[in-house]
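Engineer: Next comes the structure file query-v5.csv, holding CSV, C-alpha atoms.
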```csv
chain,number,residue,atom,x,y,z
A,1,MET,CA,5.6,207.5,85.9
A,2,ILE,CA,8.8,207.6,88.0
A,3,PHE,CA,8.4,211.4,88.3
A,4,GLY,CA,5.0,210.9,89.9
A,5,PHE,CA,6.5,208.5,92.4
A,6,VAL,CA,9.4,211.0,93.1
A,7,LEU,CA,6.9,213.8,93.7
A,8,VAL,CA,4.9,211.7,96.2
A,9,ALA,CA,8.1,210.6,97.9
A,10,ILE,CA,9.2,214.2,98.2
A,11,LEU,CA,5.9,215.2,99.7
A,12,ILE,CA,6.1,212.3,102.2
A,13,GLY,CA,9.7,213.2,102.9
A,14,ALA,CA,8.6,216.8,103.6
A,15,MET,CA,6.5,215.3,106.4
A,16,MET,CA,9.5,213.7,108.2
A,17,PRO,CA,10.5,216.9,110.0
A,18,VAL,CA,6.9,217.5,111.0
A,19,GLN,CA,6.7,214.0,112.4
A,20,ALA,CA,10.0,214.4,114.2
A,21,ALA,CA,9.0,217.8,115.7
A,22,LEU,CA,5.6,216.4,116.8
A,23,ASN,CA,7.3,213.5,118.5
A,24,ALA,CA,9.8,215.8,120.2
A,25,GLU,CA,6.9,218.0,121.4
A,26,LEU,CA,5.0,214.9,122.6
A,27,THR,CA,8.1,213.8,124.5
A,28,ARG,CA,8.4,217.2,126.1
A,29,PHE,CA,4.7,217.1,127.0
A,30,MET,CA,5.1,213.6,128.5
A,31,LYS,CA,8.3,214.6,130.4
A,32,HIS,CA,10.1,211.4,129.6
A,33,PRO,CA,12.8,210.9,127.0
A,34,PHE,CA,11.3,207.9,125.1
A,35,LEU,CA,7.6,208.0,125.8
A,36,GLY,CA,7.0,210.2,122.7
A,37,ALA,CA,8.7,207.6,120.6
A,38,MET,CA,6.7,204.7,122.2
A,39,ILE,CA,3.4,206.5,121.8
A,40,SER,CA,4.2,207.5,118.2
A,41,LEU,CA,5.3,204.0,117.2
A,42,THR,CA,2.2,202.5,118.9
A,43,ILE,CA,-0.1,204.8,117.0
A,44,GLY,CA,1.8,204.1,113.8
A,45,ALA,CA,1.5,200.3,114.4
A,46,ILE,CA,-2.3,200.7,114.9
A,47,ALA,CA,-2.5,202.8,111.7
A,48,VAL,CA,-0.6,200.1,109.7
A,49,LEU,CA,-2.8,197.4,111.2
A,50,ILE,CA,-5.9,199.2,110.0
A,51,PHE,CA,-4.4,199.6,106.5
A,52,ALA,CA,-3.5,195.8,106.5
A,53,ILE,CA,-7.1,195.0,107.6
A,54,PHE,CA,-8.5,197.0,104.7
A,55,LYS,CA,-6.1,195.5,102.2
A,56,GLY,CA,-6.7,191.9,103.4
A,57,GLY,CA,-3.2,191.3,104.7
A,58,VAL,CA,-4.0,190.3,108.3
A,59,SER,CA,-4.7,186.6,107.3
A,60,GLU,CA,-1.0,186.4,106.4
A,61,LEU,CA,0.0,186.9,110.0
A,62,LYS,CA,0.0,183.1,110.4
A,63,ARG,CA,3.3,183.2,108.6
A,64,ILE,CA,5.0,185.3,111.3
A,65,GLY,CA,6.6,182.2,112.8
A,66,GLU,CA,8.4,181.5,109.5
A,67,VAL,CA,10.0,184.9,109.3
A,68,PRO,CA,13.8,184.8,109.5
A,69,PRO,CA,14.8,186.6,112.8
A,70,HIS,CA,17.1,189.2,111.1
A,71,LEU,CA,14.1,190.6,109.3
A,72,PHE,CA,12.7,192.0,112.6
A,73,LEU,CA,15.6,194.4,112.8
A,74,GLY,CA,13.7,196.7,110.5
A,75,GLY,CA,11.3,197.5,113.4
A,76,ILE,CA,14.2,198.1,115.7
A,77,LEU,CA,15.9,200.4,113.2
A,78,GLY,CA,12.6,202.3,112.8
A,79,ALA,CA,12.4,202.7,116.6
A,80,LEU,CA,16.0,203.9,116.6
A,81,PHE,CA,15.2,206.5,113.9
A,82,VAL,CA,12.2,207.9,115.9
A,83,ALA,CA,14.0,207.8,119.3
A,84,SER,CA,17.1,209.4,118.0
A,85,SER,CA,15.2,212.1,116.3
A,86,LEU,CA,13.7,213.0,119.7
A,87,TYR,CA,17.2,213.4,121.0
A,88,PHE,CA,18.7,215.3,118.1
A,89,ILE,CA,15.9,217.7,117.2
A,90,PRO,CA,16.1,219.9,120.3
A,91,ARG,CA,19.9,219.9,120.0
A,92,MET,CA,20.4,220.4,116.3
A,93,GLY,CA,17.1,221.7,114.9
A,94,ALA,CA,14.9,220.0,112.4
A,95,THR,CA,16.8,221.1,109.3
A,96,ALA,CA,20.2,219.9,110.4
A,97,MET,CA,18.8,216.6,111.8
A,98,ILE,CA,16.9,215.8,108.6
A,99,ALA,CA,19.8,216.8,106.4
A,100,ALA,CA,22.1,214.5,108.4
A,101,PHE,CA,19.6,211.7,108.3
A,102,ILE,CA,19.1,212.0,104.5
A,103,THR,CA,22.8,212.1,103.9
A,104,GLY,CA,23.2,208.9,105.9
A,105,GLN,CA,20.3,207.3,104.1
A,106,LEU,CA,21.8,208.0,100.7
A,107,VAL,CA,25.3,206.8,101.7
A,108,GLY,CA,23.8,203.6,103.0
A,109,SER,CA,21.6,203.2,100.0
A,110,VAL,CA,24.5,203.6,97.6
A,111,PHE,CA,26.4,200.9,99.5
A,112,ILE,CA,23.4,198.6,99.6
A,113,ASP,CA,22.7,199.1,95.8
A,114,HIS,CA,26.4,198.7,94.9
A,115,TYR,CA,26.6,195.3,96.5
A,116,GLY,CA,23.0,194.2,95.9
A,117,LEU,CA,22.5,193.6,99.6
A,118,LEU,CA,19.2,192.6,101.2
A,119,GLY,CA,17.8,191.0,98.1
A,120,LEU,CA,18.1,194.1,95.9
A,121,GLN,CA,19.5,194.0,92.4
A,122,ALA,CA,23.1,195.2,92.3
A,123,SER,CA,23.6,198.7,90.8
A,124,PRO,CA,27.3,199.5,90.8
A,125,VAL,CA,28.3,202.9,92.1
A,126,SER,CA,29.0,205.4,89.3
A,127,MET,CA,30.8,208.7,89.1
A,128,THR,CA,27.5,210.4,88.9
A,129,ARG,CA,26.4,208.9,92.2
A,130,ILE,CA,29.8,209.8,93.8
A,131,ILE,CA,29.4,213.4,92.7
A,132,GLY,CA,25.8,213.4,94.0
A,133,LEU,CA,27.0,212.1,97.4
A,134,PHE,CA,29.8,214.8,97.4
A,135,LEU,CA,27.2,217.5,96.7
A,136,LEU,CA,24.9,216.0,99.4
A,137,PHE,CA,27.8,216.3,102.0
A,138,ALA,CA,28.4,219.9,100.7
A,139,GLY,CA,24.7,220.7,101.2
A,140,LEU,CA,24.8,219.2,104.7
A,141,PHE,CA,27.8,221.3,105.5
A,142,LEU,CA,26.0,224.4,104.3
A,143,VAL,CA,22.9,223.6,106.2
A,144,ILE,CA,24.7,223.1,109.5
A,145,LYS,CA,27.2,225.9,109.1
A,146,LYS,CA,26.4,228.7,111.5
A,147,SER,CA,25.7,232.1,109.8
A,148,THR,CA,28.2,234.8,110.6
```
Here is the file; what I need is its structure written in the form of structure tokens.

Structural biologist:
Amino acid sequence: MIFGFVLVAILIGAMMPVQAALNAELTRFMKHPFLGAMISLTIGAIAVLIFAIFKGGVSELKRIGEVPPHLFLGGILGALFVASSLYFIPRMGATAMIAAFITGQLVGSVFIDHYGLLGLQASPVSMTRIIGLFLLFAGLFLVIKKST
């Protein structure tokens, strides 16, 4: 079961550089640094709204006033990801940018899991995870290292 989820997650992850490159091209087309991000996030919000409508979740919008304010930071962080990818992709390339983002995501995830932050069950860091992070950093280095 988990391998099916992993396969789907890998396929979705493979679309991240496509999304970043499309957003960068949209930004170049619009000739403004953050219009690509704004347009992309707006289209994404519309798509999620359509999914919510079909799944019957729109009626729960009445609870929005009860949401703790810190939970809205997720949207800001999503915007930061999209906007920063527009800045980094032309300067680093898709491979280096995604490799750096994934490295950061896994470092942050290990930290969050270790301490059980944000309502997640604690999963203490293990030597296996430390080795995995080390290998991830080694891979990042190899990806960004210039060929000679």

Engineer: Using only C-alpha atoms, which of A:Gly36, A:Gly74, A:Gly104, A:Pro68 sits nearest Gln19 in chain A?

Structural biologist: A:Gly36

Engineer: Using all atoms listed in the file and a cutoff of 12 Å, can you tell me which residues are near (8.0, 209.7, 124.8) in the file's coordinates, and write them out as a list in words?

Structural biologist: Ala20, Leu22, Asn23, Ala24, Glu25, Leu26, Thr27, Arg28, Phe29, Met30, Lys31, His32, Pro33, Phe34, Leu35, Gly36, Ala37, Met38, Ile39, Ser40, Leu41, Thr42, Ala79, Val82, Ala83, Ser84, Ser85, Leu86 and Tyr87 of chain A

Engineer: Enter the distance from CA of Val143 in chain A to CA of Ala100 in chain A, in Å, rounded to one decimal.

Structural biologist: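 CA of Val143 in chain A sits 9.4 Å away from CA of Ala100 in chain A.
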
Engineer: Nearest to Arg91 in chain A: which of A:Ala21, A:Gln105, A:Met15, A:Phe137 is it, counting only C-alpha atoms?

Structural biologist: A:Ala21

Engineer: Any idea what's packed within 12 Å of Ser126 in chain A, counting all atoms listed in the file, ignoring anything in its chain fewer than 3 positions away? Could you give it as a PyMOL selection string?

Structural biologist: chain A and resi 110-111+113-114+123+129-133

Engineer: Tell me which of A:Ser59, A:Leu118, A:Ile46, A:Thr103 sits closest to Leu71 in chain A, counting only C-alpha atoms.

Structural biologist: A:Leu118

Engineer: Using all atoms listed in the file, determine which residues lie at most 12 Å from Leu61 in chain A, disregarding the query and same-chain residues fewer than 6 positions distant; provide the list as number ranges by chain.

Structural biologist: A: 49, 52-53, 67

Engineer: Smallest atom-to-atom distance to Gly78 in chain A: which of A:Gly57, A:Gly119, A:Gly65, A:Gly44, using all atoms listed in the file?

Structural biologist: A:Gly44

Engineer: What separation in Å, quoted to one decimal, exists between CA of Ala138 in chain A and CA of Phe81 in chain A?

Structural biologist: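 That distance, rounded to one decimal, is 23.0 Å.
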
Engineer: Quick one, how far is CA of Ala99 in chain A from CA of Val8 in chain A?

Structural biologist: 18.8 Å

Engineer: Nearest to Leu140 in chain A among A:Leu117, A:Ala45, A:Leu80, A:Ile102, with distances taken over only C-alpha atoms: which residue is it?

Structural biologist: A:Ile102
